[in-house]
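*Asks:* Below you'll find the structure I mean.
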Amino acid sequence: MDSDSTPLPGASTPSRGLSRRTFLTTTAALGVGAVAGTGVAGIAWGAPPPDCGSPSDSGKTNARFWLWDQVKGCTPAQPGSNLYVKQISASPNRYYAIRRGGDNPHGNNDMLLMPTNRISGIECSHLRHDPPNWWAGAWREAVANIPAKPSSPLALGVNSKDRRGQDQLHIHLSQVFYPTFSDLRQIQPVTKISDWMSPQANVELRINDRHKTPLRKTAWFRVVKYTGALPNLFAELAKVLPATESMEHQVVGAVWTGIGSTYYLINSTALKTPKGPGTGLLDFIYNWPANKP
């Protein structure tokens, strides 16, 4: 889905996922809720700030707004081409849509969670200051829909503005690439979010580069081993991000350790990290097969 199977309950609709390249030139569907001023019920906020995109954005004029087109006007009763739509919070009244992703559309470890209100991506300031916690919803949906695999536990992630293909927030629900997970288990991680940007949090991990020739073998990430319910990773990352870096260049996600409520919180940047080349594409850590030529 970016430049980047176990059937779902009641999901008789065929997969609408598209390849990453095809994705940018076609159209799909999502959502619920709407934006204030559009006449569709379910939105408590006013117009989003400029860093979140505009309700008037349309894939008819810009292919990067394709996913946003598909969210507008959808409801749980009318989910469009999504598998289903659920409410995540009542105050404010917010919904998300679940659909199959397009990077591994024939597998069972490529799903997307997408808010149905206008949120362009990781740079949107609403994500840092307002409820709901989309990560809590993403974790519940991953547990419900992505098969458990001890060698490749669940992984969630959001790509940077630099490397994503679509400008409507979508959280990937997947499994982690086994070599990445193996490397994570070998590190001596920091355990406090306040230390996320510390030198000790910088680690080099093997990655699953499916998109480039020659293939990259590794990338640098900042990792915290965190125990507890998943917090709002957008807000937590923004609190500790160096003043020299902005949110739009970041990736952020969580990899389950396989033990209780404990996760590797993972961040990198499309810009160079203090230790070496990072990445603005968290697709590199998922257990997806190689792209076909």
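Starting from 1 in every chain, residues are counted up; chains themselves are A, B, ... following the order of the structure tokens, and ligands are numbered from 1 as listed.
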Give me the residues within 12 Å of A:Leu173 as a VMD selection string, counting only C-alpha atoms and dropping any in the same chain fewer than 6 places off.
*Replies:* chain A and resid 1 98 to 104 108 to 114 135 137 to 147 153 to 158 253 to 256 282 to 283 285 to 288
*Asks:* Which residues come within 12 Å of A:Pro242, counting only C-alpha atoms, excluding same-chain residues fewer than 6 positions away, as a PDB file with N, CA, C and O atoms, in the first residue's frame?
*Replies:*
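Printed below is out-v5.pdb as written:
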ATOM      1  N   SER A 194      11.063   7.684  27.793  1.00  0.00           N
ATOM      2  CA  SER A 194      11.869   8.906  27.911  1.00  0.00           C
ATOM      3  C   SER A 194      13.279   8.718  27.366  1.00  0.00           C
ATOM      4  O   SER A 194      13.974   9.697  27.066  1.00  0.00           O
ATOM      5  N   ASP A 195      13.725   7.460  27.206  1.00  0.00           N
ATOM      6  CA  ASP A 195      15.059   7.174  26.674  1.00  0.00           C
ATOM      7  C   ASP A 195      15.025   6.786  25.197  1.00  0.00           C
ATOM      8  O   ASP A 195      16.039   6.326  24.654  1.00  0.00           O
ATOM      9  N   TRP A 196      13.879   6.965  24.532  1.00  0.00           N
ATOM     10  CA  TRP A 196      13.704   6.499  23.156  1.00  0.00           C
ATOM     11  C   TRP A 196      14.725   7.110  22.199  1.00  0.00           C
ATOM     12  O   TRP A 196      15.154   6.483  21.241  1.00  0.00           O
ATOM     13  N   MET A 197      15.136   8.343  22.463  1.00  0.00           N
ATOM     14  CA  MET A 197      16.080   9.022  21.570  1.00  0.00           C
ATOM     15  C   MET A 197      17.511   8.967  22.090  1.00  0.00           C
ATOM     16  O   MET A 197      18.407   9.613  21.537  1.00  0.00           O
ATOM     17  N   SER A 198      17.743   8.188  23.129  1.00  0.00           N
ATOM     18  CA  SER A 198      19.081   8.103  23.692  1.00  0.00           C
ATOM     19  C   SER A 198      20.001   7.300  22.779  1.00  0.00           C
ATOM     20  O   SER A 198      19.532   6.492  21.970  1.00  0.00           O
ATOM     21  N   GLN A 250       9.170  10.675  10.130  1.00  0.00           N
ATOM     22  CA  GLN A 250       9.310   9.533  11.030  1.00  0.00           C
ATOM     23  C   GLN A 250       8.454   8.339  10.608  1.00  0.00           C
ATOM     24  O   GLN A 250       7.415   8.489   9.966  1.00  0.00           O
ATOM     25  N   THR A 269      13.758   7.121  10.787  1.00  0.00           N
ATOM     26  CA  THR A 269      13.496   8.347  10.050  1.00  0.00           C
ATOM     27  C   THR A 269      13.986   8.223   8.622  1.00  0.00           C
ATOM     28  O   THR A 269      14.957   7.508   8.338  1.00  0.00           O
ATOM     29  N   THR A 273      19.985   8.760  10.537  1.00  0.00           N
ATOM     30  CA  THR A 273      19.991   8.663  11.994  1.00  0.00           C
ATOM     31  C   THR A 273      21.403   8.948  12.511  1.00  0.00           C
ATOM     32  O   THR A 273      22.363   8.964  11.738  1.00  0.00           O
ATOM     33  N   PRO A 274      21.551   9.159  13.812  1.00  0.00           N
ATOM     34  CA  PRO A 274      22.888   9.425  14.351  1.00  0.00           C
ATOM     35  C   PRO A 274      23.884   8.300  14.104  1.00  0.00           C
ATOM     36  O   PRO A 274      25.100   8.546  14.031  1.00  0.00           O
TER      37      PRO A 274
END
*Asks:* For a quick check of understanding, using only C-alpha atoms, which of A:Lys212, A:Leu127, A:Ala270, A:Cys74 has the smallest distance to A:Ser246?
*Replies:*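 Comparing A:Lys212, A:Leu127, A:Ala270, A:Cys74 against A:Ser246, the winner is A:Ala270.
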*Asks:* Using DSSP on the backbone coordinates, identify the residues of stretch 64-208 of chain A assigned to helix (DSSP H, G or I); present them as a ChimeraX atom specification.
*Replies:* /A:64-71,126-129,134-145,178-186,193-195,199-201
*Asks:* Taking the DSSP secondary structure from the backbone, can you list the residues of stretch 89-241 of chain A that are strand (DSSP E or B), as a PyMOL selection string?
*Replies:* chain A and resi 89-90+93-100+110-115+154-158+171-176+190+202-206+218-227
*Asks:* With only C-alpha atoms as the basis for distance, which of A:Val85, A:Cys52, A:Ile119, A:Val223 is at the shortest distance from A:Val252?
*Replies:*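 Answer, going by the shortest atom-to-atom distance: A:Val223.
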*Asks:* Can you work out which one of A:Ala229, A:Ala201, A:Ala97, A:Ala219 has the shortest atom-to-atom distance to A:Ile171, counting only C-alpha atoms?
*Replies:*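 Selected residue with least distance to A:Ile171: A:Ala97.
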*Asks:* Nearest to A:Asn133 among A:Ala77, A:Ile88, A:Leu237, A:Ile259, with distances taken over only C-alpha atoms: which residue is it?
*Replies:*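 Of the candidates, the smallest distance to A:Asn133 is held by A:Ile88.
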*Asks:* List the neighbours of A:Lys239 out to 10 Å using only C-alpha atoms; skip same-chain residues closer than 5 positions along the sequence, and give me the result as a PyMOL selection string.
*Replies:* chain A and resi 128+193-194+233-234
*Asks:* Pick from A:Asn82, A:Ser261, A:Ser56, A:Thr279: nearest to A:Arg163, with only C-alpha atoms counted?
*Replies:*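 Answer, going by the shortest atom-to-atom distance: A:Thr279.
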*Asks:* Using only C-alpha atoms, which of A:Arg164, A:Lys72, A:His249, A:Arg222 sits nearest A:Asp57?
*Replies:* A:Lys72
*Asks:* Quick check, in Å to one decimal: how far apart do atom CA of A:Trp134 and atom CA of A:Val176 lie?
*Replies:*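 So the answer is 19.5 Å.
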*Asks:* Do you know which residues are at most 7 Å from A:Asp69 counting only C-alpha atoms, after dropping those on the same chain fewer than 3 positions away, and could you put them as number ranges by chain?
*Replies:* A: 58-59, 65-66, 72
*Asks:* Which residues are near A:Tyr178? Cut-off 8 Å, only C-alpha atoms, ignore same chain within fewer than 2 positions. Put them as a PyMOL selection string.
*Replies:* chain A and resi 151-152+176+180-182+287
